[in-house]
Every structure is written in C-alpha cells, then in structure tokens.
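*Asks:* The structure under discussion is supplied below as structure tokens; questions concerning it will follow.
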Amino acid sequence: MPASHFLFLLFICLLWAGNFIAAAWAVRVFEPVTFTVVRFGLVLLLLLPFLRVPARDQWKTLLACCWTMGAIHFGLVFLALGRSEDVSSIALLMQIYVPLSTLMAVLLLGERIGWRTTSGILIAFGGVLVMGLDPLVLSQLDVVALVLLSALSLATGTILMRRLKGIGVFNFQAWNALLSLVPLGLLATWLETPSQVFALTSERPDAWLAVAYSAIAASIIGHGGFYWLIQRHEVNRITPYLLLVPILAVVLGVLFWGDRPGPRLLTGGGLVLAGVLWITLRARWRRPARVEPAPPAG
C-alpha cells in the first residue's frame with residue numbers, strides 16, 4: 001500500500017473514532033432519535049444526486065440492509081451514547097459485531113469455521129464478560145444492552161449486504177438515509193419532542209457542527225474513502241487497521257470527554273480487539289478477499 005493510501009486509511013479511522021465524541025456531544029442537545037433523523041436527512045440531501053433506482057430483485061434486500069445497518073443500528077447506538085457516562089465502553093463493545101457476523105454467517109449462510117476462528121469468537125465474547133464486571137459498565141447495563149442489540153443489527157446487515165448487487169457506496173448511503181428516515185421520523189415524533197429540540201439548538205449552534213461532522217466527515221468522507229481504498233487493495237489487508245478505531249475512540253474519550261476507563265474495561269476491551277483481530281487474520285489467510293461493509297464508526 002502506498003504511503004499516501006496508508007495515511008488516508010489512518011485518517012478515516014480517526015474520523016470514525018471522532019464520530020463517537022461528536023455523537024455523544026450532539027445527543028446532549030438533540031434527543032437521540034431526533035439526532036439520527038437530522039443526521040440521515042443531511043446525508044440524503046448531500047447524496048441525492050447519487051440516488052439511483054436499483055434492480056427490482058434488490059428491493060427487499062436493500063430495505064432490510066438499510067433498516068438493520070441504518071435505522072436500527074444507528075438509532076440504538078446513539079440512544080446508548082445519550083444514556084452513557086462514557087464513550088470508551090461503547091466504542092469497545094461495538095466491535096463485538098465482527099464475531100457476531102461470523103456466527104450469523106455460519107447459522108444463516110452455512111459457512112464453516114475452524115477451531116482457530118472459533119477461539120477468536122470465544123476470546124471476543126470473553127472480553128465482553130470481563131468488561132461486564134467493570135463498575136462503570138455494571139452501573140449502565142441498559143447501555144450495554146442497547147450496544148449489543150446495535151451490534152447484532154449491524155451484523156445482520158453485514159450478512160444481508162453480501163446479497164446486494166449493482167449498488168455503489170454513495171447510492172447505498174443515499175438509500176440508507178432515505179429508507180431510514182420514515183421509521184425514525186415516526187419514532188422521534190412518538191417518543192421525543194423534535195419541535196422543542198430544534199428550539200434549543202438555536203441556543204447551542206455548536207450541536208449542528210456535531211451533526212455536520214457525523215454526516216459529512218464520518219459517513220460520506222469516511223465510508224466513501226473506505227470503499228475507494230478497497231477498490232484498490234485487498235479488503236483483508238485493510239480491515240485489521242480498522243481496530244484502530246476503538247483504540248483512538250478510547251484515547252479521544254480520555255482526552256476530550258473525561259473518560260477514565262478502569263482495568264477491567266481496558267482488559268476486556270483488549271480481549272475483544274484481540275479476538276476480532278484473530279478472526280480478521282484467519283479470514284485473510286483462509287479465503288480470497290471479499291468486500292464487507294465498514295464498521296459503525298461512521
């Protein structure tokens with residue numbers, strides 16, 4: 001990989017890590033579902049020129065992908081950020097989506113895995129258990145449940161996305177925003193008070209900077225850049241570097257959000273990342289590279 005491409009990859013990881021901070025900041029002003037709606041609305045507005053009608057046989061899969069990877073995944077993770085006292089635990093827990101994707105590929109697609117990949121899955125889940133013993137995590141089990149459900153939704157979308165054909169990255173992001181807006185808009189109207197929230201934002205215009213960062217930097221630039229890279233390099237040569245995202249998110253959480261992760265959280269998070277890295281490397285060694293969607297850092 002040329003040095004410029006490698007530096008671009010590191011920049012993307014930093015953008016995705018920063019999205020945890022930006023979203024945590026935004027949901028202190030916006031309510032979580034309302035923030036998700038506004039974010040997707042901005043993405044759709046910017047990517048509307050890329051919107052193309054897919055083939056008729058792709059509609060069901062596209063809808064399922066957009067709801068699992070868009071409305072459900074982002075709605076739950078932003079709700080978790082709104083309730084959480086930190087961002088580090090969320091960034092680390094979210095990585096469990098990788099072993100969940102592997103398990104779902106076995107259960108739904110009939111793929112086979114060996115004992116080495118199985119050991120990576122067990123290490124990752126063991127890390128979740130260790131993190132669960134951290135006092136901070138124990139004090140917010142509702143946040144843990146939301147993150148794990150979000151990871152399961154993202155894992156489901158990862159499996160479904162393998163069936164999508166003829167839909168480019170910006171076209172998919174545009175449809176993801178459009179198809180997620182309806183259910184999320186209805187949910188925001190039912191559970192939250194969008195009109196009052198928008199009135200509050202006039203006093204906190206900085207919240208709109210967080211929305212712009214999440215939509216433009218993390219989503220459009222981050223995901224667009226990632227797919228630009230995987231068109232030029234083997235996917236499984238790039239994906240191990242994505243483990244920098246939660247590590248950078250923890251660093252940013254400590255520096256800018258006041259996080260103070262304890263030893264159990266760091267040990268458990270390290271085990272999760274070690275399991276994910278082992279699964280990723282085993283996929284690289286066992287089979288040719290295959291395009292997978294980027295993680296939920298954007």
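Here, A, B, ... name the chains of the structure tokens in the order displayed, residue numbers run from 1 inside each chain, and ligands are numbered from 1 in the same displayed order.
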Within 9 Å of stretch 134-147 of chain A, counting only C-alpha atoms, which residues show up once you throw out same-chain ones fewer than 2 positions away? Write them as JSON, numbers by chain, please.
*Replies:* {"A": [73, 76, 77, 79, 80, 81, 83, 84, 85, 86, 89, 90, 93, 94, 130, 131, 132, 149, 150, 151, 152, 261, 262, 263, 264, 265, 268]}
*Asks:* Using DSSP assignments from the backbone, pull out every residue in stretch 59-94 of chain A that falls under alpha helix (DSSP H) and give it to me as a ChimeraX atom specification.
*Replies:* /A:59-66,73-83,88-93
*Asks:* I need the residue nearest A:Arg116 from this list: A:Asn176, A:Thr280, A:Asn171, A:Gln95. Use only C-alpha atoms for the distance.
*Replies:*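 When distances to A:Arg116 are compared using only C-alpha atoms, the smallest one comes from A:Thr280.
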*Asks:* When you count only C-alpha atoms, which of these residues is closest to A:Thr34: A:Gly82, A:Pro246, A:Gly114, A:Gly270?
*Replies:*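 Using only C-alpha atoms, A:Thr34 sits closest to A:Gly82.
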*Asks:* Which polymer residues have any atom within 10 Å of an atom of A:Leu46, counting only C-alpha atoms, with same-chain residues fewer than 2 positions away left out, as a list in words?
*Replies:*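 Answer for this query is Phe40, Gly41, Leu42, Val43, Leu44, Leu48, Pro49, Phe50, Phe170, Ala174, Ala215, Ile216 and Ile220 of chain A.
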*Asks:* Quick one: residues within 12 Å of A:Ala210, only C-alpha atoms counted, chain neighbours fewer than 3 positions away excluded, as a VMD selection string?
*Replies:* chain A and resid 18 to 30 35 to 36 38 to 39 42 201 204 to 207 213 to 218
*Asks:* Which of these, A:Ile167, A:Val37, A:Ile123, A:Leu129, has the shortest distance to A:Gly70 once you count only C-alpha atoms?
*Replies:*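 Looking at the shortest contact to A:Gly70, the residue is A:Val37.
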